[in-house]
Amino acid sequence: MSGEDHRVDRRGFLKVVGATGAAAGVSATSTAMAQGSPPAAGEHAGHDHAMPTPASAGAARSALDGFVFFNPDEVSFVKAALDTLVPPDPTGPGGSEAGCATYMDRQLGGAFGRGARLYMQGPFAEGTPQQGYQLPLAPADLIRIGIADVDAYAMATRKKGLRDLDATTRAAVLTEVEQGKAQLAHVPGPVWFNQFLALTMEGYFGDPIYGGNKDKAAWKMIGFPGVPAMYVNMIEEFRNKPYTGETQSIQDFA
């Protein structure tokens with residue numbers, strides 16, 4: 001991730017990623033997971049940081065806010081982070097406007113968040129990037145604990161929580177987390193950042209039925225026609241051109 005001066009490049013990157021993965025509706029990381037139960041907190045001996053007991057998913061929240069996992073403080077953080085990763089501009093909506101927070105909330109509040117198909121029996125040791133996820137935390141706990149860690153890091157280094165920083169400073173904080181330069185208390189910054197970014201991209205480009213990609217805005221932005229796989233009668237008309245016809249989601253066929 002880069003700072004304010006690279007917004008156009010980031011938007012271009014989003015358009016490329018979206019063109020290849022727009023139809024993904026659920027977390028891609030969950031497809032390679034096997035069932036298991038998480039170990040007790042603090043058993044992750046292969047890492048230098050001790051894991052705290054995961055925060056309760058039942059933290060205080062408004063019954064009317066529409067979120068099933070995030071509490072109000074977390075929602076504010078998530079929306080600020082989303083609009084840093086995908087800022088709004090004339091090309092398309094920002095991450096929060098596109099509903100990525102809702103998508104993320106539903107994923108983390110469900111089976112994926114619990115790690116229902118994630119092998120979590122250990123042993124847990126420091127792995128290589130090629131070995132994938134190596135933490136004893138379910139995805140929901142990784143994101144929740146990481147939110148608290150990143151906010152604490154922002155407070156310690158910038159004297160404000162992430163949501164209260166200007167866009168340039170938010171980008172700087174998240175870049176430090178992404179690059180491993182931020183010293184987080186309980187989770188490795190790059191692992192947290194990559195999972196948060198993956199959920200952001202899934203929410204931005206996934207089918208609207210899952211809570212993100214509000215009004216199919218991301219699909220319209222990249223010229224993606226939607227769910228149906230074959231548009232044989234339109235190939236010639238739209239060859240090497242963005243699709244401008246009606247964009248259809250799963251809900252349109254329900």
# chains A, B, ... in the order shown; residues from 1 in each chain; ligands from 1
call {"tool": "residues_around", "arguments": {"residues": "stretch 92-103 of chain A", "least_positions_apart": "4", "cutoff": "7 Å", "atoms": "only C-alpha atoms", "output": "PDB file with C-alpha atoms, in the first residue's frame"}}
result
ATOM      1  CA  PHE A  67     -23.545  -5.433  12.421  1.00  0.00           C
ATOM      2  CA  VAL A  78     -12.818  -0.579   9.888  1.00  0.00           C
ATOM      3  CA  LYS A  79     -14.498   2.138   7.834  1.00  0.00           C
ATOM      4  CA  LEU A  82     -11.339   0.711   4.244  1.00  0.00           C
ATOM      5  CA  ASP A  83     -11.385   4.257   2.903  1.00  0.00           C
ATOM      6  CA  VAL A  86      -9.855   2.056  -1.295  1.00  0.00           C
ATOM      7  CA  PRO A  87     -10.419   5.822  -1.147  1.00  0.00           C
ATOM      8  CA  PRO A  88     -13.479   7.264  -2.874  1.00  0.00           C
ATOM      9  CA  GLN A 107     -17.729 -13.206   7.097  1.00  0.00           C
ATOM     10  CA  THR A 200     -11.629  -5.747   1.642  1.00  0.00           C
ATOM     11  CA  GLY A 203     -16.193  -7.252  -0.290  1.00  0.00           C
ATOM     12  CA  TYR A 204     -15.446  -4.667  -2.954  1.00  0.00           C
ATOM     13  CA  TYR A 210     -22.872 -11.068   0.482  1.00  0.00           C
ATOM     14  CA  GLY A 211     -23.098  -7.481   1.725  1.00  0.00           C
ATOM     15  CA  GLY A 212     -20.417  -5.649  -0.267  1.00  0.00           C
ATOM     16  CA  ASN A 213     -20.229  -4.172  -3.777  1.00  0.00           C
ATOM     17  CA  LYS A 214     -23.251  -2.011  -3.025  1.00  0.00           C
ATOM     18  CA  ALA A 217     -20.759  -0.229  -8.291  1.00  0.00           C
ATOM     19  CA  ALA A 218     -17.425  -2.064  -8.520  1.00  0.00           C
ATOM     20  CA  MET A 221     -16.643   0.466 -12.679  1.00  0.00           C
TER      21      MET A 221
END
call {"tool": "residues_around", "arguments": {"residues": "stretch 245-248 of chain A", "least_positions_apart": "5", "cutoff": "9 Å", "atoms": "only C-alpha atoms", "output": "PyMOL selection string"}}
result
chain A and resi 216+219-220+223-228+253
call {"tool": "atom_distance", "arguments": {"atom1": "atom CA of A:Gly66", "atom2": "atom CA of A:Leu108"}}
result
14.0 Å
call {"tool": "residues_around", "arguments": {"residues": "A:Ala138", "least_positions_apart": "5", "cutoff": "9 Å", "atoms": "only C-alpha atoms", "output": "list of chain:residue names"}}
result
A:Ser37, A:Pro38, A:Phe112, A:Gly113, A:Arg114, A:Gly115, A:Ala116, A:Leu118, A:Met120, A:Ile143
call {"tool": "write_last_selection", "arguments": {"atoms": "C-alpha atoms", "output": "PDB file, in the first residue's frame"}}
result
ATOM      1  CA  SER A  37     -10.627 -26.229  17.039  1.00  0.00           C
ATOM      2  CA  PRO A  38      -8.398 -23.340  18.138  1.00  0.00           C
ATOM      3  CA  PHE A 112     -15.198 -18.433   8.164  1.00  0.00           C
ATOM      4  CA  GLY A 113     -14.573 -16.143  11.127  1.00  0.00           C
ATOM      5  CA  ARG A 114     -14.728 -19.075  13.535  1.00  0.00           C
ATOM      6  CA  GLY A 115     -12.197 -20.993  11.472  1.00  0.00           C
ATOM      7  CA  ALA A 116     -14.732 -23.783  10.917  1.00  0.00           C
ATOM      8  CA  LEU A 118      -9.257 -24.138   9.340  1.00  0.00           C
ATOM      9  CA  MET A 120      -5.909 -25.356  14.195  1.00  0.00           C
ATOM     10  CA  ILE A 143      -8.895  -9.291  12.849  1.00  0.00           C
TER      11      ILE A 143
END
